[in-house]
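This report concerns only the one structure given below.
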Amino acid sequence: MAPTTEPKQRSPSIVVQELTHEKIRFALLHTDTSVANALRRVIIAEVPTLAIDLVDVIENTSCLCDEFIAHRLGLIPLLSEKAVEMEFPYDYAGDDESVTDVHFELNTGICASAETVDVTSNDLVCYDPRVAPVNYHPGESIKGKGGAMEFEAQAAARGPDDGPDIPGVVIVKLRRGQQINMRCVARKGVGRDHAKWQPVATATYRFEPEITINEELMATLTEEEKMAFVESSPTALFRYDEATRRVVVDAPDQYGYDGECLKKAEELGKPGLVDIRAKEDAFHFTVESTGALRPEEIVVNALKVLERKMEVTRGELDILEREQDEQVAM
């Protein structure tokens with residue numbers, strides 16, 4: 001009987017390539033597709049955030065029905081750093097409401113304007129200064145009500161791009177004599193239960209390309225042909241080095257698998273001029289946040305969720321192994 005070979009031990013690592021207040025780009029290295037796909041799915045569906053989940057309609061004389069407005073309220077992204085301190089409503093059996101609920105109010109009063117008025121996320125009154133709509137800048141009519149007075153100082157600390165010129169999310173439009181009065185409750189949840197709890201707008205990955213230039217074929221091209229080949233790629237994939245008169249791979253991570261350089265090689269009569277293969281152990285991620293959580297926080301929380309899942313799986317396997325050993329011993 002041939003001896004079994006142990007699987008190769010991997011040591012995954014992450015290299016951050018770009019980080020802004022709304023997006024993170026990073027490379028996941030030394031692992032396989034199953035881990036990359038698991039991380040992407042956890043980022044989308046299992047990182048907890050806060051979203052409006054219950055709406056008590058007191059008055060609604062707008063042109064939209066109650067359910068429509070409630071659905072729009074639920075899709076407004078809320079700052080969710082407090083989510084880690086809260087409990088899922090279906091997991092908590094205590095009497096402390098603050099552990100599961102965050103309260104909001106939307107009361108426009110009767111519209112007196114002759115023009116159509118936009119009711120936006122800025123018109124929500126937030127009773128917890130740590131939980132508010134993304135880019136929240138309360139209007140003059142609600143300043144000082146509830147917890148709203150604390151948000152102006154916080155808004156200045158959220159980044160230079162979160163200024164008051166960013167409009168709120170439009171909830172409904174009102175005409176003269178119409179009114180909205182609602183009480184809302186935000187709760188902790190995950191994207192697999194409803195899309196309103198997803199912390200990301202997009203979360204994608206692609207394989208890192210391995211690009212090899214056939215130097216013998218490249219040497220047969222004229223300088224003009226080399227320049228045309230370099231310019232054929234929509235991204236800055238290649239660079240022509242005037243000192244050595246060679247085409248070099250400049251930014252392989254920018255390749256979008258568009259195939260334009262391969263088509264150009266065929267047009268030049270040089271198929272095989274460049275060979276492009278996808279590495280099986282390197283992945284380039286792009287994660288764009290909705291604003292509910294910082295992009296780096298989303299990735300870290302997703303890794304923690306993935307780690308907990310692996311610990312549960314390991315525990316189940318240990319139990320199964322012990323049961324099998326007991327059966328053999330009998």
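The way I read the labels, and the way they are meant: chains A, B, ... in the order of the structure tokens, residue 1 as the first residue of every chain, and ligand 1 as the first ligand shown, with later ones counted on from there.
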If we count only C-alpha atoms and set the cut-off at 12 Å, which residues sit around Phe285 of chain A, ignoring sequence neighbours fewer than 4 positions away in its own chain? Please answer as a short mmCIF file (atom, residue, chain, number, x, y, z; two decimals) with N, CA and C atoms, in the first residue's frame.
data_model
loop_
_atom_site.label_atom_id
_atom_site.label_comp_id
_atom_site.auth_asym_id
_atom_site.auth_seq_id
_atom_site.Cartn_x
_atom_site.Cartn_y
_atom_site.Cartn_z
N ILE A 14 -1.93 38.71 3.37
CA ILE A 14 -2.66 39.79 2.71
C ILE A 14 -1.73 40.99 2.56
N VAL A 15 -1.71 41.55 1.36
CA VAL A 15 -0.93 42.75 1.09
C VAL A 15 -1.89 43.84 0.63
N VAL A 16 -2.01 44.90 1.42
CA VAL A 16 -2.92 46.01 1.08
C VAL A 16 -2.26 46.87 0.01
N GLN A 17 -2.99 47.09 -1.09
CA GLN A 17 -2.47 47.87 -2.21
C GLN A 17 -3.03 49.28 -2.27
N GLU A 18 -4.26 49.45 -1.80
CA GLU A 18 -4.89 50.77 -1.80
C GLU A 18 -5.96 50.81 -0.72
N LEU A 19 -6.01 51.93 -0.01
CA LEU A 19 -7.00 52.07 1.06
C LEU A 19 -7.50 53.50 1.09
N LYS A 23 -13.01 52.42 -0.07
CA LYS A 23 -12.58 51.26 -0.85
C LYS A 23 -11.26 50.72 -0.36
N ILE A 24 -11.09 49.40 -0.46
CA ILE A 24 -9.81 48.77 -0.17
C ILE A 24 -9.49 47.79 -1.30
N ARG A 25 -8.23 47.82 -1.73
CA ARG A 25 -7.72 46.85 -2.70
C ARG A 25 -6.58 46.11 -2.03
N PHE A 26 -6.65 44.78 -2.06
CA PHE A 26 -5.58 44.00 -1.43
C PHE A 26 -5.38 42.70 -2.20
N ALA A 27 -4.19 42.11 -2.00
CA ALA A 27 -3.85 40.84 -2.62
C ALA A 27 -3.86 39.76 -1.56
N LEU A 28 -4.57 38.69 -1.83
CA LEU A 28 -4.59 37.51 -0.96
C LEU A 28 -3.67 36.47 -1.59
N LEU A 29 -2.59 36.13 -0.88
CA LEU A 29 -1.53 35.31 -1.46
C LEU A 29 -1.38 33.98 -0.74
N ALA A 36 -10.41 32.10 -1.11
CA ALA A 36 -10.75 33.40 -1.68
C ALA A 36 -12.27 33.54 -1.84
N ASN A 37 -12.91 32.50 -2.32
CA ASN A 37 -14.35 32.56 -2.51
C ASN A 37 -15.08 32.62 -1.17
N LEU A 39 -13.93 33.93 1.60
CA LEU A 39 -13.74 35.27 2.16
C LEU A 39 -14.68 36.26 1.48
N ARG A 40 -14.81 36.18 0.17
CA ARG A 40 -15.71 37.09 -0.55
C ARG A 40 -17.16 36.90 -0.09
N ILE A 43 -17.64 38.40 3.38
CA ILE A 43 -17.65 39.86 3.32
C ILE A 43 -19.04 40.36 2.93
N THR A 202 -19.81 46.50 -3.54
CA THR A 202 -19.23 45.43 -4.37
C THR A 202 -18.10 44.77 -3.60
N ALA A 203 -17.90 43.49 -3.87
CA ALA A 203 -16.77 42.74 -3.32
C ALA A 203 -16.38 41.72 -4.38
N THR A 204 -15.29 41.96 -5.06
CA THR A 204 -14.88 41.10 -6.17
C THR A 204 -13.42 40.70 -6.00
N TYR A 205 -13.05 39.62 -6.67
CA TYR A 205 -11.64 39.27 -6.75
C TYR A 205 -11.34 38.71 -8.14
N ARG A 206 -10.08 38.78 -8.51
CA ARG A 206 -9.64 38.19 -9.77
C ARG A 206 -8.28 37.55 -9.56
N PHE A 207 -7.97 36.60 -10.41
CA PHE A 207 -6.70 35.90 -10.29
C PHE A 207 -5.55 36.83 -10.71
N GLU A 208 -4.44 36.73 -9.99
CA GLU A 208 -3.26 37.49 -10.38
C GLU A 208 -2.66 36.87 -11.64
N ASP A 253 -0.54 43.57 -12.17
CA ASP A 253 -1.79 43.55 -11.39
C ASP A 253 -2.89 44.40 -12.02
N PRO A 295 -13.78 50.21 5.12
CA PRO A 295 -13.47 49.04 4.30
C PRO A 295 -12.50 48.07 4.96
N VAL A 299 -13.10 43.89 6.13
CA VAL A 299 -12.22 42.75 5.84
C VAL A 299 -11.79 42.05 7.12
#
Requested in this report: Identify, on the basis of only C-alpha atoms, every residue whose closest approach to Leu174 of chain A does not exceed 12 Å; exclude the query and any residue fewer than 6 positions from it along the same chain; express the result as a PyMOL selection string.
Outcome: chain A and resi 60-64+108-120+180
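When only C-alpha atoms are used to compute distances to Lys264 of chain A, the closest of the residues A:Tyr136, A:Phe238, A:Phe283, A:Phe229 turns out to be A:Phe229.
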**Report entry** Filtered DSSP result for segment 63-308 of chain A, state strand (DSSP E), as a PyMOL selection string
**Finding:** chain A and resi 102-107+117-120+125-126+170-174+180-189+200-213+238-241+246-249+274-289
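Between Val42 of chain A and the candidates A:Ile211, A:Ala251, A:Val200, A:Ile319, the tightest atom-to-atom separation, counting only C-alpha atoms, involves A:Val200.
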**Report entry** Near-segment 185-196 of chain A list (7 Å; only C-alpha atoms; drop same-chain fewer than 5 positions) as JSON, numbers by chain
**Finding:** {"A": [44, 45, 46, 47, 48, 49, 50, 51, 52, 53, 54, 55, 74, 75, 83, 86, 87, 88, 100, 101, 102, 103, 104]}
Would you export the selected residues with C-alpha atoms as a CSV table (one decimal), in the first residue's frame, please?
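Generated output (result31.csv):
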chain,number,residue,atom,x,y,z
A,44,ILE,CA,-21.0,40.1,1.5
A,45,ALA,CA,-23.3,38.0,3.6
A,46,GLU,CA,-22.0,37.6,7.1
A,47,VAL,CA,-20.4,40.8,8.4
A,48,PRO,CA,-23.0,42.3,10.8
A,49,THR,CA,-24.2,45.8,10.3
A,50,LEU,CA,-27.2,47.9,11.4
A,51,ALA,CA,-30.3,48.7,9.3
A,52,ILE,CA,-33.8,49.9,10.0
A,53,ASP,CA,-35.9,46.8,10.5
A,54,LEU,CA,-39.2,48.0,12.1
A,55,VAL,CA,-41.2,51.0,11.1
A,74,GLY,CA,-34.4,49.9,5.5
A,75,LEU,CA,-32.0,50.4,2.6
A,83,ALA,CA,-22.9,46.6,15.8
A,86,MET,CA,-25.2,44.7,20.1
A,87,GLU,CA,-27.0,41.4,19.9
A,88,PHE,CA,-29.0,39.8,17.2
A,100,THR,CA,-30.9,45.0,20.3
A,101,ASP,CA,-32.6,48.3,19.2
A,102,VAL,CA,-31.6,51.8,18.1
A,103,HIS,CA,-34.5,54.2,17.7
A,104,PHE,CA,-35.1,56.8,15.0
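The coordinates place atom CA of Cys184 of chain A at 21.1 Å from atom CA of Ala93 of chain A.
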Query - Residues within 7 Å of Asn135 of chain A, only C-alpha atoms, excluding chain neighbours under 2 positions, as a PyMOL selection string - result: chain A and resi 133+137+162+166+168
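Residue-level DSSP output for segment 25-169 of chain A, from the backbone, shows alpha helix (DSSP H) at Thr33, Ser34, Val35, Ala36, Asn37, Ala38, Leu39, Arg40, Arg41, Val42, Ile43, Ile44, Ala45, Asp66, Glu67, Phe68, Ile69, Ala70, His71, Arg72, Leu73, Gly74, Phe151, Glu152, Ala153, Gln154 and Ala155 of chain A.
With distances restricted to only C-alpha atoms, A:Cys261 is the closest residue to Ile213 of chain A from A:Tyr255, A:Arg72, A:Thr235, A:Cys261.
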